[in-house]
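Heads up, data.tsv below (TSV, C-alpha atoms):
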chain	number	residue	atom	x	y	z
V	1339	MET	CA	-2.50	150.68	-35.48
V	1340	LYS	CA	-1.80	147.37	-37.18
V	1341	THR	CA	0.99	146.95	-39.70
V	1342	LEU	CA	0.47	145.03	-42.93
V	1343	PHE	CA	2.24	142.01	-41.42
V	1344	THR	CA	0.15	141.92	-38.23
V	1345	ASP	CA	-3.05	142.60	-40.16
V	1346	ILE	CA	-2.50	139.68	-42.57
V	1347	LEU	CA	-1.40	137.39	-39.73
V	1348	THR	CA	-4.30	138.09	-37.37
V	1349	VAL	CA	-6.96	137.96	-40.10
V	1350	TRP	CA	-5.62	134.59	-41.26
V	1351	TYR	CA	-5.55	133.30	-37.67
V	1352	ASP	CA	-9.12	134.39	-37.01
V	1353	GLN	CA	-10.25	132.38	-40.03
V	1354	LYS	CA	-8.01	129.29	-39.80
V	1355	LYS	CA	-7.12	128.67	-36.15
V	1356	ARG	CA	-7.82	125.26	-34.69
V	1357	ASP	CA	-10.29	124.85	-31.86
V	1358	LEU	CA	-8.06	123.68	-29.00
V	1359	PRO	CA	-9.04	123.59	-25.30
V	1360	TRP	CA	-6.23	125.87	-24.14
V	1361	ARG	CA	-7.33	128.48	-26.67
V	1362	ASN	CA	-10.52	129.04	-24.68
V	1363	THR	CA	-8.86	130.10	-21.45
V	1364	LYS	CA	-6.65	132.79	-19.98
V	1365	ASN	CA	-5.85	130.67	-16.95
V	1366	PRO	CA	-2.03	130.71	-16.70
V	1367	TYR	CA	-1.97	127.31	-15.00
V	1368	LYS	CA	-3.75	125.67	-17.94
V	1369	ILE	CA	-1.63	127.53	-20.51
V	1370	TRP	CA	1.50	126.49	-18.63
V	1371	VAL	CA	0.50	122.81	-18.58
V	1372	SER	CA	-0.42	122.84	-22.27
V	1373	GLU	CA	2.86	124.48	-23.29
V	1374	ILE	CA	4.97	122.04	-21.26
V	1375	ILE	CA	3.13	119.02	-22.68
V	1376	LEU	CA	3.47	120.29	-26.25
V	1377	GLN	CA	7.22	120.99	-25.97
V	1378	GLN	CA	8.10	117.47	-27.13
V	1379	THR	CA	4.68	116.08	-28.02
V	1380	ARG	CA	2.39	116.33	-31.03
V	1381	ILE	CA	-0.98	117.96	-30.44
V	1382	GLN	CA	-2.90	114.78	-31.34
V	1383	GLN	CA	-1.19	112.88	-28.53
V	1384	GLY	CA	-0.92	115.83	-26.16
V	1385	LEU	CA	-4.65	116.59	-26.14
V	1386	SER	CA	-5.69	113.54	-24.13
V	1387	TYR	CA	-2.80	114.00	-21.68
V	1388	TYR	CA	-3.68	117.66	-21.19
V	1389	GLN	CA	-7.32	116.86	-20.48
V	1390	ARG	CA	-6.46	114.07	-18.01
V	1391	PHE	CA	-3.85	116.22	-16.28
V	1392	ILE	CA	-6.20	119.19	-15.83
V	1393	GLU	CA	-9.02	116.94	-14.62
V	1394	GLU	CA	-6.77	115.24	-12.07
V	1395	PHE	CA	-4.95	118.37	-10.91
V	1396	ILE	CA	-7.52	121.14	-11.33
V	1397	SER	CA	-5.30	123.86	-9.88
V	1398	ILE	CA	-1.74	124.70	-8.92
V	1399	TYR	CA	-2.64	123.81	-5.34
V	1400	GLU	CA	-3.83	120.32	-6.31
V	1401	LEU	CA	-0.68	119.71	-8.36
V	1402	ALA	CA	1.61	121.01	-5.60
V	1403	LYS	CA	0.17	118.74	-2.90
V	1404	ALA	CA	0.14	115.60	-5.08
V	1405	PRO	CA	2.87	112.96	-4.55
V	1406	GLU	CA	5.44	112.91	-7.34
V	1407	GLU	CA	4.67	109.27	-8.13
V	1408	LYS	CA	1.09	110.21	-9.01
V	1409	VAL	CA	2.28	113.01	-11.31
V	1410	LEU	CA	4.74	110.71	-13.08
V	1411	LYS	CA	2.14	107.97	-13.44
V	1412	LEU	CA	-0.25	110.40	-15.15
V	1413	TRP	CA	2.61	111.55	-17.41
V	1414	GLN	CA	3.51	107.97	-18.34
V	1415	GLY	CA	3.94	107.55	-22.10
V	1416	LEU	CA	4.76	111.19	-22.85
V	1417	GLY	CA	8.49	110.79	-22.25
V	1418	TYR	CA	10.93	113.53	-21.21
V	1419	TYR	CA	9.84	113.01	-17.61
V	1420	SER	CA	11.89	115.97	-16.36
V	1421	ARG	CA	9.01	118.09	-17.70
V	1422	ALA	CA	6.63	116.46	-15.22
V	1423	ARG	CA	9.09	116.70	-12.34
V	1424	ASN	CA	9.67	120.39	-13.10
V	1425	LEU	CA	5.92	121.04	-13.29
V	1426	HIS	CA	5.48	119.46	-9.88
V	1427	PHE	CA	8.45	121.28	-8.35
V	1428	THR	CA	7.41	124.66	-9.77
V	1429	ALA	CA	3.81	124.23	-8.60
V	1430	LYS	CA	5.17	123.94	-5.05
V	1431	ILE	CA	7.27	127.08	-5.53
V	1432	ILE	CA	4.27	129.06	-6.84
V	1433	GLN	CA	2.20	127.82	-3.91
V	1434	GLU	CA	4.86	128.83	-1.38
V	1435	LYS	CA	6.35	131.98	-2.90
V	1436	PHE	CA	3.37	133.46	-4.76
V	1437	ASN	CA	0.56	132.17	-2.53
V	1438	GLY	CA	-0.69	129.93	-5.33
V	1439	ASN	CA	-1.04	132.78	-7.82
V	1440	PHE	CA	0.86	132.41	-11.09
V	1441	PRO	CA	3.26	135.38	-11.56
V	1442	ASP	CA	1.98	137.81	-14.19
V	1443	LYS	CA	5.22	139.26	-15.59
V	1444	TYR	CA	7.64	137.67	-18.04
V	1445	SER	CA	10.60	138.67	-15.85
V	1446	GLU	CA	9.19	136.63	-12.96
V	1447	ILE	CA	7.78	133.73	-14.98
V	1448	ILE	CA	11.14	132.97	-16.61
V	1449	THR	CA	12.78	132.49	-13.20
V	1450	LEU	CA	10.63	129.42	-12.56
V	1451	LYS	CA	12.24	126.01	-13.00
V	1452	GLY	CA	11.38	124.28	-16.28
V	1453	ILE	CA	10.18	127.48	-17.94
V	1454	GLY	CA	12.39	128.89	-20.70
V	1455	SER	CA	12.08	132.04	-22.77
V	1456	TYR	CA	9.53	130.57	-25.19
V	1457	THR	CA	7.18	129.21	-22.53
V	1458	ALA	CA	7.51	132.36	-20.41
V	1459	ALA	CA	6.66	134.52	-23.43
V	1460	ALA	CA	3.68	132.33	-24.31
V	1461	ILE	CA	2.23	132.56	-20.79
V	1462	ALA	CA	2.97	136.28	-20.39
V	1463	SER	CA	1.39	137.17	-23.73
V	1464	ILE	CA	-1.57	134.80	-23.80
V	1465	CYS	CA	-2.63	135.29	-20.19
V	1466	PHE	CA	-1.48	138.83	-19.40
V	1467	GLU	CA	-1.16	140.50	-22.84
V	1468	GLU	CA	2.50	141.34	-22.27
V	1469	ALA	CA	4.15	142.22	-25.61
V	1470	VAL	CA	6.86	139.53	-25.57
V	1471	PRO	CA	7.32	137.58	-28.83
V	1472	VAL	CA	7.50	133.79	-28.82
V	1473	ILE	CA	10.11	131.95	-30.84
V	1474	ASP	CA	9.84	128.19	-31.09
V	1475	GLY	CA	10.86	126.01	-34.03
V	1476	ASN	CA	7.68	126.81	-35.92
V	1477	VAL	CA	8.08	130.57	-35.52
V	1478	PHE	CA	11.80	130.46	-36.32
V	1479	ARG	CA	11.10	128.59	-39.55
V	1480	PHE	CA	8.24	130.87	-40.63
V	1481	ILE	CA	10.05	134.15	-40.02
V	1482	SER	CA	13.44	133.02	-41.32
V	1483	ARG	CA	11.72	132.09	-44.61
V	1484	TYR	CA	9.69	135.30	-44.66
V	1485	LEU	CA	12.85	137.38	-44.18
V	1486	GLY	CA	14.98	135.12	-46.38
V	1487	LEU	CA	17.53	134.32	-43.69
V	1488	GLU	CA	19.71	131.44	-44.88
V	1489	VAL	CA	20.58	130.23	-41.41
V	1490	ALA	CA	20.45	127.09	-39.26
V	1491	TYR	CA	17.80	126.43	-36.64
V	1492	ASP	CA	20.34	126.80	-33.84
V	1493	ASP	CA	21.88	130.08	-35.05
V	1494	PRO	CA	21.76	132.49	-32.06
V	1495	LYS	CA	22.35	135.60	-34.22
V	1496	ALA	CA	19.42	134.68	-36.45
V	1497	LYS	CA	17.23	134.21	-33.38
V	1498	LYS	CA	18.13	137.74	-32.23
V	1499	GLU	CA	17.30	139.15	-35.66
V	1500	ILE	CA	13.96	137.35	-35.73
V	1501	TYR	CA	13.19	138.51	-32.21
V	1502	ALA	CA	13.94	142.12	-33.13
V	1503	PHE	CA	11.58	141.89	-36.11
V	1504	LEU	CA	8.79	140.39	-34.03
V	1505	GLU	CA	9.35	142.84	-31.18
V	1506	LYS	CA	8.58	145.73	-33.53
V	1507	GLU	CA	5.46	143.99	-34.86
V	1508	ILE	CA	3.87	142.68	-31.68
V	1509	VAL	CA	3.26	146.17	-30.27
V	1510	HIS	CA	0.86	146.79	-33.16
V	1511	ALA	CA	-1.30	143.77	-32.31
V	1512	THR	CA	-2.98	142.01	-29.41
V	1513	PRO	CA	-0.04	140.01	-28.00
V	1514	SER	CA	-2.07	136.88	-27.21
V	1515	VAL	CA	-3.48	136.72	-30.74
V	1516	PHE	CA	-0.19	137.67	-32.40
V	1517	ASN	CA	1.88	134.96	-30.72
V	1518	GLN	CA	-0.68	132.20	-31.16
V	1519	ALA	CA	-1.07	133.17	-34.81
V	1520	LEU	CA	2.70	132.93	-35.34
V	1521	MET	CA	2.78	129.43	-33.87
V	1522	GLU	CA	-0.27	128.35	-35.87
V	1523	MET	CA	1.20	129.63	-39.14
V	1524	GLY	CA	4.32	127.53	-38.59
V	1525	ALA	CA	2.30	124.50	-37.58
V	1526	LEU	CA	-0.29	124.54	-40.36
V	1527	VAL	CA	1.19	126.36	-43.37
V	1528	CYS	CA	4.93	127.02	-43.13
V	1529	THR	CA	5.75	123.43	-42.21
V	1530	PRO	CA	9.19	121.76	-42.42
V	1531	THR	CA	8.20	119.82	-45.56
V	1532	ASN	CA	5.04	119.67	-47.68
V	1533	THR	CA	4.62	123.39	-47.20
V	1534	LYS	CA	1.34	125.00	-48.19
V	1535	CYS	CA	2.82	127.99	-49.98
V	1536	ALA	CA	-0.07	128.17	-52.44
V	1537	GLU	CA	-2.48	129.05	-49.65
V	1538	CYS	CA	-0.08	131.14	-47.56
V	1539	PRO	CA	-1.24	134.75	-47.13
V	1540	PHE	CA	2.41	135.87	-47.01
V	1541	LYS	CA	3.62	134.39	-50.29
V	1542	ALA	CA	3.64	137.80	-52.00
V	1543	ALA	CA	6.15	139.12	-49.46
V	1544	CYS	CA	8.04	135.93	-48.56
V	1545	LYS	CA	11.65	136.13	-49.75
V	1546	ALA	CA	12.26	132.40	-49.55
V	1547	PHE	CA	9.21	131.75	-51.73
V	1548	HIS	CA	10.30	134.20	-54.42
V	1549	GLU	CA	13.87	132.94	-54.38
V	1550	LYS	CA	12.63	129.32	-54.49
V	1551	LYS	CA	14.49	128.47	-51.28
V	1552	VAL	CA	11.58	127.55	-49.02
V	1553	LEU	CA	12.81	124.02	-48.33
V	1554	GLU	CA	16.41	125.19	-47.92
V	1555	ILE	CA	15.55	127.65	-45.13
V	1556	PRO	CA	16.31	127.17	-42.34
V	1557	ARG	CA	19.08	124.59	-42.44
V	1558	SER	CA	18.96	121.64	-40.05
V	1559	LYS	CA	20.87	121.63	-36.79
V	1560	LYS	CA	24.12	119.72	-36.65
V	1561	THR	CA	23.44	116.02	-36.26
V	1562	VAL	CA	24.07	114.60	-32.82
V	1563	GLU	CA	25.79	111.23	-32.48
V	1564	ILE	CA	23.44	108.54	-31.19
V	1565	LEU	CA	24.51	106.82	-27.97
V	1566	HIS	CA	23.88	103.05	-27.91
V	1567	ARG	CA	23.06	101.54	-24.51
V	1568	TYR	CA	22.49	97.88	-23.67
V	1569	PHE	CA	19.88	97.03	-21.02
V	1570	THR	CA	19.11	93.57	-19.70
V	1571	TYR	CA	16.15	93.29	-17.33
V	1572	PHE	CA	15.57	90.41	-14.93
V	1573	ILE	CA	11.89	89.87	-14.25
V	1574	PHE	CA	11.45	87.84	-11.08
V	1575	ARG	CA	8.07	86.14	-10.84
V	1576	TYR	CA	7.71	83.94	-7.78
V	1577	GLN	CA	5.03	82.92	-5.32
V	1578	ARG	CA	4.80	84.18	-1.76
V	1579	ASN	CA	1.76	82.88	0.09
V	1580	ASP	CA	-1.04	83.11	-2.49
V	1581	ASP	CA	0.39	86.00	-4.53
V	1582	PHE	CA	2.86	86.24	-7.39
V	1583	CYS	CA	5.55	88.77	-6.51
V	1584	THR	CA	8.34	90.60	-8.28
V	1585	LEU	CA	11.19	92.99	-7.50
V	1586	ILE	CA	11.30	96.60	-8.64
V	1587	LYS	CA	13.62	99.52	-8.13
V	1588	GLN	CA	13.18	103.25	-8.51
V	1589	ARG	CA	15.66	105.05	-10.74
V	1590	THR	CA	17.15	107.88	-8.69
V	1591	GLU	CA	20.35	108.70	-10.55
V	1592	LYS	CA	20.60	111.72	-12.85
V	1593	ASP	CA	19.74	109.89	-16.03
V	1594	ILE	CA	16.77	109.02	-18.21
V	1595	TRP	CA	13.52	108.10	-16.40
V	1596	LYS	CA	14.54	109.53	-13.04
V	1597	ASN	CA	12.13	108.39	-10.26
V	1598	LEU	CA	10.37	105.90	-12.53
V	1599	PHE	CA	10.26	102.21	-11.56
V	1600	GLU	CA	11.78	99.23	-13.34
V	1601	PHE	CA	12.84	95.63	-12.89
V	1602	PRO	CA	16.40	94.76	-11.80
V	1603	LEU	CA	18.67	96.05	-14.56
V	1604	LEU	CA	22.11	95.15	-15.82
V	1605	GLU	CA	23.52	97.81	-18.14
V	1606	THR	CA	26.56	96.91	-20.22
V	1607	LYS	CA	28.65	98.68	-22.87
V	1608	SER	CA	27.73	96.08	-25.47
V	1609	SER	CA	25.66	92.90	-25.60
V	1610	PRO	CA	26.27	91.24	-22.22
V	1611	SER	CA	28.40	88.14	-21.92
V	1612	GLN	CA	27.15	85.01	-20.21
V	1613	SER	CA	29.47	85.59	-17.27
V	1614	GLU	CA	28.16	89.15	-16.81
V	1615	LEU	CA	24.59	87.85	-16.75
V	1616	ASN	CA	25.38	85.10	-14.26
V	1617	ASP	CA	27.40	87.41	-12.01
V	1618	PHE	CA	24.52	89.86	-11.86
V	1619	LEU	CA	22.01	87.14	-11.02
V	1620	LEU	CA	24.22	85.78	-8.22
V	1621	LYS	CA	23.49	89.02	-6.32
V	1622	PHE	CA	19.96	87.73	-5.91
V	1623	THR	CA	20.57	84.05	-5.23
V	1624	SER	CA	23.69	82.02	-4.56
V	1625	ASP	CA	21.79	78.81	-5.25
V	1626	TYR	CA	21.22	79.52	-8.93
V	1627	LYS	CA	23.96	77.83	-10.97
V	1628	GLU	CA	22.29	77.36	-14.34
V	1629	PRO	CA	23.16	79.74	-17.19
V	1630	VAL	CA	20.65	82.50	-17.78
V	1631	VAL	CA	18.64	81.91	-20.94
V	1632	LEU	CA	17.56	85.20	-22.42
V	1633	SER	CA	14.41	85.84	-24.37
V	1634	ASN	CA	14.94	85.73	-28.11
V	1635	HIS	CA	13.40	89.18	-28.38
V	1636	GLU	CA	15.52	92.29	-28.46
V	1637	ILE	CA	13.48	95.44	-28.03
V	1638	LYS	CA	14.96	98.59	-29.53
V	1639	HIS	CA	13.75	101.81	-28.00
V	1640	GLN	CA	14.68	105.17	-29.54
V	1641	LEU	CA	15.08	108.26	-27.40
V	1642	SER	CA	16.11	111.69	-28.69
V	1643	HIS	CA	19.86	110.98	-28.78
V	1644	GLN	CA	19.99	107.42	-27.46
V	1645	LEU	CA	19.13	104.00	-28.85
V	1646	LEU	CA	18.42	101.42	-26.17
V	1647	HIS	CA	18.99	97.74	-26.97
V	1648	ALA	CA	16.87	96.00	-24.35
V	1649	ASN	CA	16.41	92.36	-23.50
V	1650	PHE	CA	14.85	90.50	-20.60
V	1651	THR	CA	14.77	87.17	-18.87
V	1652	ILE	CA	12.03	85.83	-16.62
V	1653	ILE	CA	13.27	84.27	-13.38
V	1654	THR	CA	10.91	81.99	-11.48
V	1655	ILE	CA	13.01	81.59	-8.32
V	1656	LYS	CA	12.54	83.44	-5.05
V	1657	PRO	CA	15.38	85.99	-4.75
V	1658	ASN	CA	17.30	87.10	-1.68
V	1659	PHE	CA	16.17	90.32	-0.07
V	1660	LEU	CA	18.21	93.33	-1.24
V	1661	ASN	CA	17.75	96.76	0.34
V	1662	GLU	CA	17.74	98.66	-2.94
V	1663	TYR	CA	14.81	96.66	-4.33
V	1664	THR	CA	11.17	96.50	-3.31
V	1665	GLU	CA	8.99	93.42	-3.39
V	1666	ILE	CA	5.49	94.02	-4.75
V	1667	ASP	CA	2.47	92.04	-5.83
V	1668	PHE	CA	3.02	91.49	-9.55
V	1669	ASN	CA	-0.58	92.40	-10.34
V	1670	LYS	CA	-0.06	95.82	-8.74
V	1671	PHE	CA	2.89	96.69	-10.96
V	1672	ASN	CA	0.63	98.76	-13.23
V	1673	THR	CA	0.02	101.23	-10.38
V	1674	TYR	CA	3.65	102.37	-10.56
V	1675	ALA	CA	4.99	104.96	-12.99
V	1676	VAL	CA	7.22	103.22	-15.53
V	1677	SER	CA	8.83	104.01	-18.86
V	1678	VAL	CA	7.38	103.12	-22.25
V	1679	LEU	CA	10.17	100.55	-22.59
V	1680	ILE	CA	9.05	98.68	-19.47
V	1681	ASN	CA	5.50	98.58	-20.81
V	1682	LYS	CA	6.84	97.17	-24.09
V	1683	ILE	CA	8.71	94.47	-22.18
V	1684	LEU	CA	5.64	93.54	-20.15
V	1685	ALA	CA	3.59	93.20	-23.31
V	1686	LYS	CA	6.30	91.12	-24.98
V	1687	SER	CA	6.71	88.83	-21.97
V	1688	ASN	CA	2.95	88.17	-21.69
V	1689	LEU	CA	3.16	89.00	-17.97
V	1690	SER	CA	1.30	92.31	-18.08
V	1691	GLY	CA	-1.69	90.77	-16.32
Can the structure from this file be put into structure tokens for me?
Amino acid sequence: MKTLFTDILTVWYDQKKRDLPWRNTKNPYKIWVSEIILQQTRIQQGLSYYQRFIEEFISIYELAKAPEEKVLKLWQGLGYYSRARNLHFTAKIIQEKFNGNFPDKYSEIITLKGIGSYTAAAIASICFEEAVPVIDGNVFRFISRYLGLEVAYDDPKAKKEIYAFLEKEIVHATPSVFNQALMEMGALVCTPTNTKCAECPFKAACKAFHEKKVLEIPRSKKTVEILHRYFTYFIFRYQRNDDFCTLIKQRTEKDIWKNLFEFPLLETKSSPSQSELNDFLLKFTSDYKEPVVLSNHEIKHQLSHQLLHANFTIITIKPNFLNEYTEIDFNKFNTYAVSVLINKILAKSNLSG
């Protein structure tokens, strides 16, 4: 039997829910892909990536057997590339350990790499009707306001209290509908700002609304200090036979953009000095004695907790061969998975063709 809360929530959802492609399936693979894409991506942007991803990799088997480079290339532009690497890795595990069948219990799903409590609960409830509540930022905000909890987003005690409330409610509803309705309420009505309290079906019972504290609940997380990093790229463009070539390198260290490709990079703690630039270039050619003249363009690229100050210089000499770099046809550079920053640099340098 439904409670008043679940009844109001599910009726509202039935009337107001958006028509999204992953809402028309119970396929755990598709739900998994959609949830991972939407972790750090707005729905408007995520839709096209989801559709391309599902069309290219129609099943766990297809994703598992694909080369990582292909997966990263398809993910290009979404950022947070560890999500794509984890998807690929976990697809292989499901193929090997579960014979290609997605596990159907929360306790098993949450053991998979790249799947946390929220994503595991979403898959378990939407696909298998397991009564496990989801709590993402949208749900946390909606319920903390509804209950009048004057807490911060990252308060673990508040999360436990919210979970306990939802755990009692979800058993009185269809879990797949209940959880999706919670997320939709936070996304469409109980938003961080510009809330739609006037049309909220819960305003009569919402403590934050009656106490006029809607925009004060929940409090923001503690601010994280932004790390400034200084990147200088050297774009070699030289002729070999009838082709223009360049040098690229794959990032393999445990850092941003792991396994993506880029041009030779000098990273410094501040804007590089002329001697640092020349010393770096001498690795590629001992014949080059002229000072490096950088482009006048600095490209700033914001990541979640990092601000990259990037610059580039175009070098038209033929470099020495270095084992850590790969020579490629410049016109084939767009077949490699690269970061958004590299694409910005290509566009700025007018060498993208």
Would you compute the distance between atom CA of Leu1565 of chain V and atom CA of Ser1420 of chain V? Give it in Å to one decimal.
19.4 Å
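Around segment 1679-1689 of chain V, within 8 Å and counting all atoms listed in the file, the residues found are V:Glu1600, V:Ile1637, V:His1639, V:Phe1650, once anything fewer than 6 positions away on its own chain is removed.
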For Leu1646 of chain V, list every protein, DNA or RNA residue within 8 Å, evaluated using only C-alpha atoms, and leave out those in the same chain fewer than 4 positions away; present the list as an mmCIF file with C-alpha atoms, in the coordinates of the input.
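As written to disk, result_33.cif reads:
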data_model
loop_
_atom_site.group_PDB
_atom_site.id
_atom_site.type_symbol
_atom_site.label_atom_id
_atom_site.label_comp_id
_atom_site.auth_asym_id
_atom_site.auth_seq_id
_atom_site.Cartn_x
_atom_site.Cartn_y
_atom_site.Cartn_z
ATOM 1 C CA HIS V 1566 23.880 103.050 -27.910
ATOM 2 C CA ARG V 1567 23.060 101.540 -24.510
ATOM 3 C CA TYR V 1568 22.490 97.880 -23.670
ATOM 4 C CA PHE V 1569 19.880 97.030 -21.020
ATOM 5 C CA ILE V 1637 13.480 95.440 -28.030
ATOM 6 C CA LYS V 1638 14.960 98.590 -29.530
ATOM 7 C CA HIS V 1639 13.750 101.810 -28.000
ATOM 8 C CA GLN V 1640 14.680 105.170 -29.540
ATOM 9 C CA LEU V 1641 15.080 108.260 -27.400
#
Please give the centre and size of the box around segment 1429-1434 of chain V (axis-aligned, containing every atom listed in the file, 8 Å added per side), with values in Å to one decimal and written as AutoDock Vina command-line options.
--center_x 4.7 --center_y 126.5 --center_z -5.0 --size_x 21.1 --size_y 21.1 --size_z 23.2
Nearest residue to Lys1587 of chain V out of V:Val1477, V:Ala1542, V:Leu1603, V:Val1678, using only C-alpha atoms?
V:Leu1603
Who sits within 9 Å of Arg1589 of chain V, all atoms listed in the file, same chain under 5 positions skipped, as a ChimeraX atom specification
/V:1594-1600
I need the residues from that last selection saved to file as a short mmCIF file (atom, residue, chain, number, x, y, z; two decimals), keeping the file's coordinate frame (with C-alpha atoms), if you can.
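result.cif written:
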data_model
loop_
_atom_site.label_atom_id
_atom_site.label_comp_id
_atom_site.auth_asym_id
_atom_site.auth_seq_id
_atom_site.Cartn_x
_atom_site.Cartn_y
_atom_site.Cartn_z
CA ILE V 1594 16.77 109.02 -18.21
CA TRP V 1595 13.52 108.10 -16.40
CA LYS V 1596 14.54 109.53 -13.04
CA ASN V 1597 12.13 108.39 -10.26
CA LEU V 1598 10.37 105.90 -12.53
CA PHE V 1599 10.26 102.21 -11.56
CA GLU V 1600 11.78 99.23 -13.34
#
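Omitting Thr1512 of chain V and its sequence neighbours fewer than 6 positions away, and counting all atoms listed in the file, the residues within 10 Å are Lys1340, Thr1344, Thr1348, Ser1463, Ile1464, Glu1467, Glu1468 and Ala1469 of chain V.
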Extract, using all atoms listed in the file, all DNA, RNA and protein residues at most 9 Å from Val1552 of chain V, discarding same-chain residues fewer than 3 positions from it, and format them as a compact mmCIF listing (two decimals) with C-alpha atoms, in the frame of the given file.
# COMPACT_ATOMS: atom_id res chain seq x y z
CA ARG V 1483 11.72 132.09 -44.61
CA GLY V 1486 14.98 135.12 -46.38
CA CYS V 1528 4.93 127.02 -43.13
CA THR V 1533 4.62 123.39 -47.20
CA CYS V 1535 2.82 127.99 -49.98
CA LYS V 1545 11.65 136.13 -49.75
CA ALA V 1546 12.26 132.40 -49.55
CA PHE V 1547 9.21 131.75 -51.73
CA HIS V 1548 10.30 134.20 -54.42
CA GLU V 1549 13.87 132.94 -54.38
CA ILE V 1555 15.55 127.65 -45.13
CA PRO V 1556 16.31 127.17 -42.34
From V:Lys1656, V:Lys1451, V:Lys1411, V:His1643, residue lying nearest Gln1577 of chain V [all atoms listed in the file]
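Closest to Gln1577 of chain V of all the choices is V:Lys1656.
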Point-to-point distance from atom CA of Thr1363 of chain V to atom CA of Ile1392 of chain V, Å rounded to tenths:
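Computing it gives 12.6 Å between the two atoms.
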Thr1428 of chain V proximity check over V:Phe1503, V:Phe1574, V:Tyr1367, V:Phe1671, using all atoms listed in the file: winner is V:Tyr1367
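You can rank V:Pro1539, V:Pro1471, V:Pro1366, V:Gly1417 by their closest distance to Thr1379 of chain V using all atoms listed in the file, and at the top of that list sits V:Gly1417.
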Option closest in space to Tyr1484 of chain V, from V:Tyr1663, V:Gly1384, V:Gln1414, V:Lys1541 [counting all atoms listed in the file]:
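Answer, going by the shortest atom-to-atom distance: V:Lys1541.
Interatomic distance, atom CA of Phe1480 of chain V to atom CA of Cys1465 of chain V: 23.6 Å.
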If you count only C-alpha atoms, the residue of V:Ala1496, V:Gln1383, V:Tyr1351, V:Asp1667 closest to Ala1519 of chain V turns out to be V:Tyr1351
Would you save segment 1394-1408 of chain V to a file, keeping N, CA and C atoms, as a tab-separated table (two decimals), in the first residue's frame?
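New file result12.tsv:
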chain	number	residue	atom	x	y	z
V	1394	GLU	N	27.32	2.12	-31.30
V	1394	GLU	CA	28.64	1.57	-31.62
V	1394	GLU	C	28.90	0.27	-30.86
V	1395	PHE	N	28.55	0.26	-29.58
V	1395	PHE	CA	28.74	-0.92	-28.74
V	1395	PHE	C	27.36	-1.39	-28.30
V	1396	ILE	N	26.74	-2.26	-29.07
V	1396	ILE	CA	25.34	-2.60	-28.85
V	1396	ILE	C	25.13	-3.54	-27.66
V	1397	SER	N	26.22	-4.08	-27.13
V	1397	SER	CA	26.10	-5.02	-26.01
V	1397	SER	C	27.36	-4.98	-25.18
V	1398	ILE	N	27.31	-5.62	-24.03
V	1398	ILE	CA	28.49	-5.73	-23.17
V	1398	ILE	C	29.61	-6.45	-23.92
V	1399	TYR	N	29.25	-7.45	-24.69
V	1399	TYR	CA	30.25	-8.20	-25.46
V	1399	TYR	C	30.98	-7.28	-26.44
V	1400	GLU	N	30.23	-6.45	-27.17
V	1400	GLU	CA	30.85	-5.55	-28.14
V	1400	GLU	C	31.76	-4.54	-27.47
V	1401	LEU	N	31.34	-4.04	-26.30
V	1401	LEU	CA	32.17	-3.09	-25.56
V	1401	LEU	C	33.43	-3.77	-25.04
V	1402	ALA	N	33.28	-4.98	-24.52
V	1402	ALA	CA	34.42	-5.70	-23.93
V	1402	ALA	C	35.50	-6.00	-24.96
V	1403	LYS	N	35.12	-6.33	-26.18
V	1403	LYS	CA	36.12	-6.73	-27.18
V	1403	LYS	C	36.72	-5.53	-27.92
V	1404	ALA	N	36.15	-4.34	-27.72
V	1404	ALA	CA	36.65	-3.15	-28.43
V	1404	ALA	C	38.00	-2.72	-27.87
V	1405	PRO	N	38.90	-2.17	-28.69
V	1405	PRO	CA	40.15	-1.61	-28.16
V	1405	PRO	C	39.86	-0.35	-27.36
V	1406	GLU	N	40.64	-0.13	-26.32
V	1406	GLU	CA	40.40	1.02	-25.45
V	1406	GLU	C	40.45	2.34	-26.22
V	1407	GLU	N	41.34	2.43	-27.19
V	1407	GLU	CA	41.45	3.67	-27.97
V	1407	GLU	C	40.12	4.04	-28.63
V	1408	LYS	N	39.41	3.03	-29.12
V	1408	LYS	CA	38.13	3.28	-29.77
V	1408	LYS	C	37.10	3.78	-28.77
